[in-house]
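J.: Here it is, the structure in full.
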Amino acid sequence: MTVKANLATIQQDIELACQRVRRDASSVKIVAVTKYVSDERALEALEAGITHIGENRVEEGNRKWNVLEGKGTWHFIGTLQSRKVKEVIGKFDYIHSLDRLSLAKEIQKRASKKVKCFIQVNVSGEDTKHGISPTEVINFIKTIEKFPLIEVVGLMTMAPYVENPEETRQYFRKLKHIQKDVQALQLSFAPCMELSMGMSNDFHIAIEEGATFIRLGTSLVGKEI
């Protein structure tokens, strides 16, 4: 299937999910996760009208960024080592995996303008997943005030992969509650207007629970490599 055909199907699913909860479909943005596909397939995504590209490995992401001449808006969605920050700053517009103070310090050190960051929250509590615990989010965000070049635009989480996507709802709903708690603080450096949650198997549930960015790989661009 072409990316364009896949996108048309996904957009219909987004519309239906938004209708169910009376949301405007334009409030949901698709991040094409291109980590497993060729440069040509990533370019096809851009040509199909996708504007947000997501990569989770620094070397591969930078290589694709160069090949595609930086077209689109780039999201770093994987775990980011502090020593790799200098390779990400200036190319990736969003970082979805801010989860520790040492990383915040390095972003502040390397950035020359504000970097849009999502705080990664381990809502499910799985040992295999990165992110801070839900109970630590507020205090962690308050420490970010010390880093004027970081803007906390939202929260990110990854739900467990389960056969029945409905089982992921509790995790997305919990992240939405945390977002409301952050917004209630009215912190200028942490507007926290975005929720990055939902992937190919559960994005419709995530949308119903408030996702504004959904990260789609297999269902959108496939898995070629």
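Just so we're on the same page: first chain in the structure tokens is A, next is B, and so on; residues restart at 1 for each chain, and ligands are numbered from 1 in the order they show up.
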Hey, what does DSSP flag as strand (DSSP E) within segment 28-223 of chain A? Can you give it to me as a PyMOL selection string?
T.: chain A and resi 29-33+52-55+73-76+94-98+115-120+150-156+194-196+213-216
J.: Go ahead and save the picked residues with N, CA and C atoms, as a short mmCIF file (atom, residue, chain, number, x, y, z; two decimals), in the first residue's frame.
T.:
```cif
data_model
loop_
_atom_site.label_atom_id
_atom_site.label_comp_id
_atom_site.auth_asym_id
_atom_site.auth_seq_id
_atom_site.Cartn_x
_atom_site.Cartn_y
_atom_site.Cartn_z
N LYS A 29 -2.36 15.63 15.35
CA LYS A 29 -1.27 15.67 14.38
C LYS A 29 -0.59 14.31 14.31
N ILE A 30 -0.29 13.88 13.09
CA ILE A 30 0.34 12.58 12.87
C ILE A 30 1.85 12.74 12.77
N VAL A 31 2.58 11.98 13.56
CA VAL A 31 4.03 11.90 13.42
C VAL A 31 4.33 10.57 12.72
N ALA A 32 4.90 10.64 11.52
CA ALA A 32 5.27 9.43 10.78
C ALA A 32 6.58 8.89 11.35
N VAL A 33 6.51 7.70 11.94
CA VAL A 33 7.70 7.08 12.53
C VAL A 33 8.42 6.31 11.42
N HIS A 52 5.10 15.91 9.87
CA HIS A 52 5.87 15.57 11.07
C HIS A 52 6.54 14.21 10.91
N ILE A 53 7.86 14.19 11.09
CA ILE A 53 8.65 12.96 10.94
C ILE A 53 9.28 12.61 12.28
N GLY A 54 9.18 11.34 12.67
CA GLY A 54 9.73 10.90 13.95
C GLY A 54 10.83 9.86 13.79
N GLU A 55 11.93 10.06 14.46
CA GLU A 55 13.04 9.10 14.47
C GLU A 55 13.48 8.86 15.91
N THR A 73 8.80 18.81 9.86
CA THR A 73 9.08 19.08 11.27
C THR A 73 9.53 17.77 11.90
N TRP A 74 10.70 17.79 12.54
CA TRP A 74 11.31 16.54 13.00
C TRP A 74 11.18 16.36 14.50
N HIS A 75 10.83 15.14 14.88
CA HIS A 75 10.62 14.78 16.27
C HIS A 75 11.60 13.68 16.67
N PHE A 76 12.33 13.90 17.75
CA PHE A 76 13.15 12.82 18.29
C PHE A 76 12.31 12.11 19.34
N TYR A 94 11.30 18.88 18.01
CA TYR A 94 10.70 18.40 19.26
C TYR A 94 11.51 17.24 19.82
N ILE A 95 11.63 17.19 21.13
CA ILE A 95 12.21 16.04 21.82
C ILE A 95 11.11 15.46 22.71
N HIS A 96 10.79 14.19 22.49
CA HIS A 96 9.67 13.56 23.19
C HIS A 96 10.08 12.81 24.44
N SER A 97 11.34 12.85 24.81
CA SER A 97 11.83 11.92 25.84
C SER A 97 12.63 12.59 26.95
N LEU A 98 12.24 13.78 27.36
CA LEU A 98 12.91 14.43 28.48
C LEU A 98 12.43 13.76 29.77
N VAL A 115 13.86 24.93 22.90
CA VAL A 115 13.61 23.58 22.40
C VAL A 115 12.29 23.09 22.98
N LYS A 116 11.44 22.61 22.10
CA LYS A 116 10.14 22.10 22.54
C LYS A 116 10.31 20.66 23.03
N CYS A 117 9.98 20.45 24.28
CA CYS A 117 10.18 19.13 24.88
C CYS A 117 8.89 18.57 25.48
N PHE A 118 8.77 17.25 25.36
CA PHE A 118 7.74 16.51 26.06
C PHE A 118 8.41 15.80 27.24
N ILE A 119 7.76 15.81 28.39
CA ILE A 119 8.22 15.03 29.52
C ILE A 119 7.72 13.61 29.32
N GLN A 120 8.63 12.64 29.29
CA GLN A 120 8.21 11.25 29.12
C GLN A 120 7.81 10.68 30.48
N ILE A 150 14.38 25.57 27.51
CA ILE A 150 13.49 24.41 27.40
C ILE A 150 12.05 24.86 27.61
N GLU A 151 11.19 24.48 26.67
CA GLU A 151 9.75 24.72 26.82
C GLU A 151 9.06 23.37 26.94
N VAL A 152 8.38 23.15 28.02
CA VAL A 152 7.64 21.89 28.20
C VAL A 152 6.30 22.04 27.49
N VAL A 153 6.24 21.53 26.27
CA VAL A 153 5.03 21.70 25.46
C VAL A 153 3.98 20.64 25.79
N GLY A 154 4.43 19.54 26.43
CA GLY A 154 3.46 18.49 26.73
C GLY A 154 4.06 17.29 27.43
N LEU A 155 3.27 16.23 27.48
CA LEU A 155 3.67 14.98 28.10
C LEU A 155 3.61 13.86 27.06
N MET A 156 4.44 12.87 27.25
CA MET A 156 4.47 11.72 26.34
C MET A 156 4.45 10.43 27.15
N GLU A 194 0.16 19.83 24.84
CA GLU A 194 0.18 18.67 23.95
C GLU A 194 0.26 17.36 24.71
N LEU A 195 -0.29 16.31 24.11
CA LEU A 195 -0.14 14.95 24.61
C LEU A 195 0.32 14.06 23.47
N SER A 196 1.52 13.51 23.60
CA SER A 196 2.06 12.61 22.60
C SER A 196 1.81 11.18 23.08
N PHE A 213 -0.73 14.49 19.48
CA PHE A 213 0.25 13.90 18.55
C PHE A 213 0.14 12.38 18.67
N ILE A 214 -0.04 11.70 17.54
CA ILE A 214 -0.02 10.24 17.52
C ILE A 214 1.18 9.81 16.69
N ARG A 215 1.87 8.77 17.13
CA ARG A 215 3.12 8.35 16.50
C ARG A 215 2.86 7.06 15.72
N LEU A 216 2.83 7.16 14.40
CA LEU A 216 2.42 6.02 13.58
C LEU A 216 3.55 5.53 12.68
#
```
J.: Where in segment 4-221 of chain A does DSSP assign alpha helix (DSSP H), given as number ranges by chain?
T.: A: 4-20, 39-47, 58-67, 85-88, 101-110, 137-143, 169-184, 203-208, 218-221
J.: Write out as JSON, numbers by chain which residues come within 10 Å of Trp65 of chain A when counting only C-alpha atoms, dropping same-chain ones fewer than 2 positions away.
T.: {"A": [39, 53, 55, 59, 60, 61, 62, 63, 67, 68, 69, 70, 71, 72, 74, 91, 92]}
J.: Looking at only C-alpha atoms, which of A:Ser188, A:Ala45, A:Thr34, A:Ser133 is the one that sits closest to Ala8 of chain A?
T.: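 Among the listed residues, the smallest separation from Ala8 of chain A belongs to A:Ala45.
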J.: Please report the interatomic distance between atom CA of Ile141 of chain A and atom CA of Lys176 of chain A in Å with one decimal.
T.: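 Taking atom CA of Ile141 of chain A and atom CA of Lys176 of chain A, their separation equals 15.6 Å.
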J.: Could you state the separation of atom CA of Asn6 of chain A and atom CA of Leu220 of chain A in Å, given to one decimal place?
T.: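 Atom-to-atom, atom CA of Asn6 of chain A to atom CA of Leu220 of chain A, that is 5.4 Å.
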J.: From the set A:Leu46, A:Thr157, A:Met193, A:Ser200, which residue has the shortest atom-to-atom contact distance to Lys223 of chain A, counting only C-alpha atoms?
T.: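 With only C-alpha atoms as the atom set, the closest residue is A:Ser200.
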J.: Between atom CA of Gly131 of chain A and atom CA of Ile178 of chain A, what is the distance, to one decimal in Å?
T.: 13.9 Å
J.: Check which residues of segment 15-133 of chain A sit at most 9 Å from segment 203-210 of chain A using only C-alpha atoms, and return one row each with the closest pair of atoms and their distance in Å to one decimal, ordered by chain and rising number, as a Markdown table.
T.:
```
| residue | atom | partner | partner_atom | distance |
| --- | --- | --- | --- | --- |
| A:Leu16 | CA | A:His204 | CA | 8.5 |
| A:Ala17 | CA | A:His204 | CA | 5.7 |
| A:Cys18 | CA | A:Glu208 | CA | 6.6 |
| A:Arg20 | CA | A:Glu208 | CA | 7.3 |
| A:Val21 | CA | A:Glu208 | CA | 6.0 |
| A:Arg23 | CA | A:Glu208 | CA | 8.4 |
| A:Val28 | CA | A:Ile207 | CA | 7.5 |
```
J.: Please list as JSON, numbers by chain every residue within 10 Å of Lys84 of chain A, counting only C-alpha atoms and excluding residues in the same chain fewer than 2 positions away.
T.: {"A": [57, 58, 59, 80, 81, 82, 86, 87, 88, 89, 103, 106, 107]}
J.: Selected residues, N, CA and C atoms, written as a CSV table (one decimal), in the first residue's frame, please.
T.:
```csv
chain,number,residue,atom,x,y,z
A,57,ARG,N,16.6,7.1,16.7
A,57,ARG,CA,18.0,6.8,16.8
A,57,ARG,C,18.8,8.0,16.2
A,58,VAL,N,19.7,8.5,16.9
A,58,VAL,CA,20.4,9.8,16.5
A,58,VAL,C,21.1,9.7,15.2
A,59,GLU,N,21.9,8.6,15.0
A,59,GLU,CA,22.7,8.5,13.8
A,59,GLU,C,21.8,8.4,12.5
A,80,LEU,N,17.1,9.5,24.6
A,80,LEU,CA,18.2,10.4,24.2
A,80,LEU,C,19.3,10.4,25.3
A,81,GLN,N,20.5,10.0,24.9
A,81,GLN,CA,21.6,10.0,25.8
A,81,GLN,C,22.2,11.5,25.8
A,82,SER,N,22.6,11.9,27.0
A,82,SER,CA,23.1,13.3,27.1
A,82,SER,C,24.2,13.6,26.1
A,86,LYS,N,24.0,17.1,21.4
A,86,LYS,CA,24.6,18.1,20.5
A,86,LYS,C,24.3,17.7,19.0
A,87,GLU,N,24.0,16.4,18.8
A,87,GLU,CA,23.7,16.0,17.4
A,87,GLU,C,22.3,16.1,17.0
A,88,VAL,N,21.4,16.3,18.0
A,88,VAL,CA,20.0,16.5,17.8
A,88,VAL,C,19.6,17.9,17.7
A,89,ILE,N,20.2,18.8,18.6
A,89,ILE,CA,19.8,20.2,18.6
A,89,ILE,C,20.0,20.8,17.3
A,103,LEU,N,19.7,15.4,31.4
A,103,LEU,CA,19.4,15.6,30.0
A,103,LEU,C,18.9,17.1,29.8
A,106,GLU,N,21.9,19.3,29.6
A,106,GLU,CA,22.7,19.2,28.4
A,106,GLU,C,21.9,19.9,27.3
A,107,ILE,N,20.6,19.8,27.2
A,107,ILE,CA,19.8,20.6,26.2
A,107,ILE,C,20.0,22.1,26.4
```
J.: For Pro191 of chain A, which residue among A:Gln170, A:Thr128, A:Gln11, A:Lys142 is the nearest when counting only C-alpha atoms?
T.: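 Result for the nearest residue to Pro191 of chain A: A:Lys142.
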J.: So which residues touch Lys105 of chain A within 12 Å, counting only C-alpha atoms, skipping near sequence neighbours fewer than 3 positions away, as a PyMOL selection string?
T.: chain A and resi 81-83+85-86+98-102+108-111+143-150
